[in-house]
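*Asks:* Take a look at this one; I'll ask things after.
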Amino acid sequence: MGAGGGTVAQLGRHRYDAVNRDLALDAARSRRRPYDIVVIGGGATGAGIALDAASRKLDVLLLEARDFGSGTSSRSTKIIHGGVRYLAQGRVGLVREALRERAFLLRNAAHLVRPLAFVVPVASAWEQVKYFVGLHAYDALAGSKRMRACSWLGHGELAREVAGLDTTRLNGAMRYFDGQFDDARLLINILDTAAAMGANVINYAEVVEFGKDASGQLRAVTFRDAETRLTHEIEARIVINATGAASDTVLSLDDSTHTPMIMPSQGAHIVVAAGFLPGENALLLPRTPDGRIMFAIPWLDHVLIGTTDTALPGNAAEPTPLPQEIDMILDVAGRYLKRAPTRADVLATFAGVRPLVRSHAGASTAQASREHRIEVFPSGLISITGGKWTTYRLMAEQCVDIAATRAGWPVDPSATTTLRLRACPDDDTMIDRGNAYGRDADDVAALSASGGNGSAGRLHAALPYGTGECLWAIRHEMARRIDDVLARRTRALFLDARAAVAMAPLVAELLRKELQLDDARVKQQLDEFTELAAGYQCNAPPR
């Protein structure tokens, strides 16, 4: 068992070289003893496991086949929540568990997770009773960790509070509180904290083979560096599969006869201008054609609307919303908003794949469990599937507990319920939500000034991102490609796809200089990003 990395405070909040791909790759290749834990998958769950393990002084290596969060973890509805819909389904334990985790995130990542008011339109006396009872039960399950009590908004108050809502056919609304966050940015902060505590994290490192001893126990993984195409074997005492929707692919490396257990479901979203829902209240839209609920949420000076639940035949690495999904979202939004958005108003679309765990043959995605499942296979491989962003910390704790028990490690209990992420100030009054991404504001400003691109260093007039944020991403956050910078280190591609395409050549030049890319590689990245961004654009008609 390794010596671990100490505490965040001991390492210091401004040791920005903690996340550096070249150093991380060199450390993994030159290591001559096994890691305690090798985590496969750099999404929310994998990052959480790396942090939990490192905080317990275990030596941990995390390997991500693509970029951190490039799958499901960057494509959520941006809500940290207990799950109002799950309460209606009677999943009380799941809701209580998630509400507890919500409280931890609101404290430990307060620079990125904030309370948000959700308004539920009510059109009848029956709906008023139903939502009044349900939301008071939701608050009761949160107990002392409740944010603010739910309340009734009369017709006049509703019209004043939610200016973008069409109230002509409404009696009023119930308002309750949940959490909102930026998923990709929270992921980077988790990885940064894990690295500061001694974890080694590497993106673009696909695991391609497992090594087993004479008794069939998993003892090594081989990964391929996507940049050099070279493979490297790493010894491990415990291996954890946290690849989400790609879990079956990794499990097939362990056992070629593995029966798939993931039932992929796609959730689509659209993004429109802030004017469609001005103010600080989000909407929960309770009546949709597929019997789900939808949300319209103020997010980064835009409005995000979604989501859907569409069964997929397989796991797409880059899922794109189907035309009928976009039409359904627009239709539902048009029933509630004063200004009904059209395809011409959509600035970006995106979809994420939910890694739902198949419960029985023939089950629908709506019936599939949202709870997570941890399994230990005969080879000793630990695999975690299912779950959601809100409960990532608990899932990670449980995985490390199982790993420590199997290996006989005398580790301390998890302390991540009180562990603040590196960018989250210890003093709550010092949280500056205008600088909520965990970057040093002065350093970013200096980088922007040095870049000299346009007004205040902005790369595009429609978005707030400049040279500084891009250089920071490349130098301190392992961004290696255009989409790393424009989709996940900034959220440009998710906010305005056409603006992101216009920014791409400028970002490509920054990558060329910082990573010493040749002309062919720069052109390849530009071509690939243009193709990728096409899937985020809503090119009118259908309907």
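By order of appearance in the structure tokens: chains A, B, ..., then residues from 1 within every chain, and ligands from 1 in the order shown.
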I'd like the contact shell of range 394-409 of chain A - 7 Å cut-off, only C-alpha atoms, skipping same-chain residues fewer than 2 positions apart - returned as a ChimeraX atom specification.
*Replies:* /A:45,48-49,52-53,238,391-392,411,414
*Asks:* So which residues touch Pro319 in chain A within 10 Å, counting only C-alpha atoms, skipping near sequence neighbours fewer than 2 positions away, as a list in words?
*Replies:*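 Close residues of Pro319 in chain A: Gly71, Thr72, Arg75, Gln266, Gly267, Ala268, Leu312, Asn315, Ala316, Ala317, Pro321, Leu322, Phe350, Ala351, Gly352, Val353, Gly535 and Tyr536 of chain A.
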*Asks:* Selected residues, N, CA, C and O atoms, written as an mmCIF file, in the first residue's frame, please.
*Replies:*
```
data_model
loop_
_atom_site.group_PDB
_atom_site.id
_atom_site.type_symbol
_atom_site.label_atom_id
_atom_site.label_comp_id
_atom_site.auth_asym_id
_atom_site.auth_seq_id
_atom_site.Cartn_x
_atom_site.Cartn_y
_atom_site.Cartn_z
ATOM 1 N N GLY A 71 -17.613 11.481 -22.168
ATOM 2 C CA GLY A 71 -18.843 10.725 -22.339
ATOM 3 C C GLY A 71 -19.991 11.353 -21.574
ATOM 4 O O GLY A 71 -20.223 12.567 -21.609
ATOM 5 N N THR A 72 -20.682 10.541 -20.808
ATOM 6 C CA THR A 72 -21.895 10.962 -20.116
ATOM 7 C C THR A 72 -21.663 12.109 -19.140
ATOM 8 O O THR A 72 -22.526 12.970 -18.966
ATOM 9 N N ARG A 75 -22.438 15.675 -20.151
ATOM 10 C CA ARG A 75 -23.650 15.863 -20.960
ATOM 11 C C ARG A 75 -24.918 15.732 -20.117
ATOM 12 O O ARG A 75 -25.972 15.355 -20.619
ATOM 13 N N GLN A 266 -30.621 7.412 -24.193
ATOM 14 C CA GLN A 266 -30.136 8.731 -24.580
ATOM 15 C C GLN A 266 -31.018 9.830 -24.011
ATOM 16 O O GLN A 266 -32.244 9.748 -24.054
ATOM 17 N N GLY A 267 -30.382 10.855 -23.478
ATOM 18 C CA GLY A 267 -31.084 12.044 -23.014
ATOM 19 C C GLY A 267 -30.624 13.241 -23.819
ATOM 20 O O GLY A 267 -29.443 13.593 -23.795
ATOM 21 N N ALA A 268 -31.525 13.862 -24.564
ATOM 22 C CA ALA A 268 -31.182 14.984 -25.434
ATOM 23 C C ALA A 268 -31.540 16.307 -24.770
ATOM 24 O O ALA A 268 -32.449 16.393 -23.936
ATOM 25 N N LEU A 312 -31.381 3.205 -26.960
ATOM 26 C CA LEU A 312 -30.392 3.149 -28.030
ATOM 27 C C LEU A 312 -30.028 1.703 -28.330
ATOM 28 O O LEU A 312 -29.967 0.870 -27.421
ATOM 29 N N ASN A 315 -23.879 1.702 -27.761
ATOM 30 C CA ASN A 315 -23.250 2.813 -27.057
ATOM 31 C C ASN A 315 -22.492 3.687 -28.049
ATOM 32 O O ASN A 315 -21.416 3.321 -28.518
ATOM 33 N N ALA A 316 -23.051 4.855 -28.371
ATOM 34 C CA ALA A 316 -22.387 5.772 -29.292
ATOM 35 C C ALA A 316 -21.405 6.648 -28.525
ATOM 36 O O ALA A 316 -21.762 7.233 -27.496
ATOM 37 N N ALA A 317 -20.172 6.732 -29.019
ATOM 38 C CA ALA A 317 -19.175 7.570 -28.359
ATOM 39 C C ALA A 317 -19.553 9.038 -28.439
ATOM 40 O O ALA A 317 -19.291 9.817 -27.520
ATOM 41 N N PRO A 321 -28.621 14.251 -30.656
ATOM 42 C CA PRO A 321 -30.080 14.233 -30.524
ATOM 43 C C PRO A 321 -30.749 13.852 -31.835
ATOM 44 O O PRO A 321 -30.338 14.290 -32.916
ATOM 45 N N LEU A 322 -31.786 13.036 -31.751
ATOM 46 C CA LEU A 322 -32.567 12.666 -32.926
ATOM 47 C C LEU A 322 -33.518 13.808 -33.282
ATOM 48 O O LEU A 322 -33.942 14.565 -32.403
ATOM 49 N N PHE A 350 -27.221 18.752 -27.514
ATOM 50 C CA PHE A 350 -26.296 17.688 -27.116
ATOM 51 C C PHE A 350 -27.091 16.560 -26.490
ATOM 52 O O PHE A 350 -28.239 16.729 -26.072
ATOM 53 N N ALA A 351 -26.474 15.401 -26.435
ATOM 54 C CA ALA A 351 -27.113 14.229 -25.846
ATOM 55 C C ALA A 351 -26.088 13.442 -25.047
ATOM 56 O O ALA A 351 -24.908 13.396 -25.395
ATOM 57 N N GLY A 352 -26.557 12.844 -23.973
ATOM 58 C CA GLY A 352 -25.722 11.970 -23.167
ATOM 59 C C GLY A 352 -26.340 10.592 -23.084
ATOM 60 O O GLY A 352 -27.557 10.435 -23.209
ATOM 61 N N VAL A 353 -25.504 9.591 -22.873
ATOM 62 C CA VAL A 353 -25.985 8.216 -22.755
ATOM 63 C C VAL A 353 -26.017 7.825 -21.289
ATOM 64 O O VAL A 353 -24.994 7.860 -20.607
ATOM 65 N N GLY A 535 -22.750 17.872 -35.100
ATOM 66 C CA GLY A 535 -23.741 17.150 -34.321
ATOM 67 C C GLY A 535 -24.338 17.957 -33.194
ATOM 68 O O GLY A 535 -25.334 17.549 -32.589
ATOM 69 N N TYR A 536 -23.741 19.118 -32.895
ATOM 70 C CA TYR A 536 -24.253 20.001 -31.849
ATOM 71 C C TYR A 536 -25.098 21.138 -32.421
ATOM 72 O O TYR A 536 -25.601 21.968 -31.666
#
```
*Asks:* If I take CA of Ala28 in chain A and CA of Glu233 in chain A, how far is one from the other in Å, to one decimal?
*Replies:*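 Separation between CA of Ala28 in chain A and CA of Glu233 in chain A: 9.2 Å.
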*Asks:* Got a sec: who's within 8 Å of range 194-207 of chain A, counting only C-alpha atoms, leaving out chain neighbours fewer than 5 positions off, as a PyMOL selection string?
*Replies:* chain A and resi 4-8+11+15+18-19+21+24-25+27-28+40+42+47+50-52+54-55+59-68+221-227+478
*Asks:* Excluding Leu486 in chain A and residues on its chain fewer than 6 positions from it, collect all residues at most 9 Å away from it, counting only C-alpha atoms, and give them as a ChimeraX atom specification.
*Replies:* /A:470,492-494,500,503-504,507
*Asks:* Let's have the selection written as a PDB file, in the first residue's frame, with N, CA and C atoms.
*Replies:*
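So out27.pdb came out as:
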```pdb
ATOM      1  N   CYS A 470      -8.246  29.309 -22.409  1.00  0.00           N
ATOM      2  CA  CYS A 470      -7.754  28.243 -23.291  1.00  0.00           C
ATOM      3  C   CYS A 470      -6.328  27.833 -22.931  1.00  0.00           C
ATOM      4  N   ALA A 492     -18.035  26.205 -24.515  1.00  0.00           N
ATOM      5  CA  ALA A 492     -18.420  26.901 -25.742  1.00  0.00           C
ATOM      6  C   ALA A 492     -19.285  26.043 -26.660  1.00  0.00           C
ATOM      7  N   LEU A 493     -18.888  24.814 -26.909  1.00  0.00           N
ATOM      8  CA  LEU A 493     -19.606  23.960 -27.848  1.00  0.00           C
ATOM      9  C   LEU A 493     -21.015  23.656 -27.347  1.00  0.00           C
ATOM     10  N   PHE A 494     -21.199  23.598 -26.031  1.00  0.00           N
ATOM     11  CA  PHE A 494     -22.502  23.300 -25.454  1.00  0.00           C
ATOM     12  C   PHE A 494     -23.407  24.529 -25.402  1.00  0.00           C
ATOM     13  N   ALA A 500     -18.482  28.215 -31.450  1.00  0.00           N
ATOM     14  CA  ALA A 500     -17.353  27.336 -31.138  1.00  0.00           C
ATOM     15  C   ALA A 500     -16.570  26.984 -32.390  1.00  0.00           C
ATOM     16  N   MET A 503     -14.363  29.752 -33.228  1.00  0.00           N
ATOM     17  CA  MET A 503     -13.238  29.854 -32.296  1.00  0.00           C
ATOM     18  C   MET A 503     -12.168  28.802 -32.546  1.00  0.00           C
ATOM     19  N   ALA A 504     -12.529  27.726 -33.215  1.00  0.00           N
ATOM     20  CA  ALA A 504     -11.642  26.563 -33.333  1.00  0.00           C
ATOM     21  C   ALA A 504     -10.271  26.881 -33.933  1.00  0.00           C
ATOM     22  N   VAL A 507      -8.050  28.383 -31.283  1.00  0.00           N
ATOM     23  CA  VAL A 507      -7.658  27.382 -30.292  1.00  0.00           C
ATOM     24  C   VAL A 507      -6.624  26.426 -30.879  1.00  0.00           C
TER      25      VAL A 507
END
```
*Asks:* Write out as number ranges by chain all residues of range 208-419 of chain A that backbone DSSP assigns to alpha helix (DSSP H).
*Replies:* A: 247-254, 323-336, 392-407
*Asks:* Running DSSP on the backbone, which parts of range 327-429 of chain A land in strand (DSSP E or B), as an NGL selection string?
*Replies:* :A and (337 or 348-357 or 369 or 373-376 or 382-385)
*Asks:* Measuring atom to atom with only C-alpha atoms, identify which of A:Ala103, A:Arg475, A:Val250, A:Asp213 is nearest to Glu235 in chain A.
*Replies:*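 Smallest distance to Glu235 in chain A is found for A:Asp213.
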*Asks:* Any idea what's packed within 12 Å of Ser215 in chain A, counting only C-alpha atoms, ignoring anything in its chain fewer than 4 positions away? Could you give it as a list in words?
*Replies:*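 Neighbouring residues, sequence-local ones excluded: Gly211, Arg219, Pro378, Ser379 and Gly380 of chain A.
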*Asks:* Set the distance at 7 Å and use only C-alpha atoms: which residues neighbour range 136-145 of chain A once local chain neighbours fewer than 6 positions away are removed? I'd like the list as a PyMOL selection string.
*Replies:* chain A and resi 84+96+99-100+103
*Asks:* Can you measure CA of Asp182 in chain A to CA of Ala109 in chain A for me? One decimal in Å is fine.
*Replies:* 10.8 Å
*Asks:* Can you list every residue of range 240-345 of chain A that has an atom at most 9 Å from range 149-165 of chain A, with its nearest atom pair and the distance in Å to one decimal, using only C-alpha atoms, ordered by chain then number, as a Markdown table?
*Replies:*
```
| residue | atom | partner | partner_atom | distance |
| --- | --- | --- | --- | --- |
| A:Gly275 | CA | A:Gly164 | CA | 7.7 |
| A:Phe276 | CA | A:Gly164 | CA | 5.9 |
| A:Leu277 | CA | A:Gly164 | CA | 4.6 |
| A:Pro278 | CA | A:Gly164 | CA | 6.0 |
| A:Gly279 | CA | A:Val162 | CA | 6.8 |
| A:Glu280 | CA | A:Val162 | CA | 8.3 |
| A:Asn281 | CA | A:Val162 | CA | 6.6 |
| A:Ala282 | CA | A:Val162 | CA | 8.6 |
| A:Leu283 | CA | A:Leu165 | CA | 8.7 |
| A:Tyr336 | CA | A:Leu165 | CA | 5.9 |
| A:Leu337 | CA | A:Leu165 | CA | 4.6 |
| A:Lys338 | CA | A:Leu165 | CA | 5.5 |
| A:Arg339 | CA | A:Gly164 | CA | 7.3 |
```
*Asks:* So, counting only C-alpha atoms, which residue among A:Phe529, A:Ala445, A:Asp412, A:Phe377 is closest to His258 in chain A?
*Replies:* A:Phe377
*Asks:* In Å, rounded to a single decimal, give me how far CA of Val332 in chain A is from CA of Ala125 in chain A.
*Replies:*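 Computing the Euclidean distance for CA of Ala125 in chain A and CA of Val332 in chain A yields 21.6 Å.
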*Asks:* From the options A:Lys212, A:Arg498, A:Arg488, A:His372, which residue's atoms come nearest to Val346 in chain A, counting only C-alpha atoms?
*Replies:*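 Closest residue, counting only C-alpha atoms: A:Arg498.
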*Asks:* Calculated over only C-alpha atoms, which of the candidates A:Lys57, A:Arg354, A:Arg480, A:Arg393 has the smallest distance to Ser76 in chain A?
*Replies:*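 Once distances to Ser76 in chain A are computed over only C-alpha atoms, the minimum belongs to A:Arg354.
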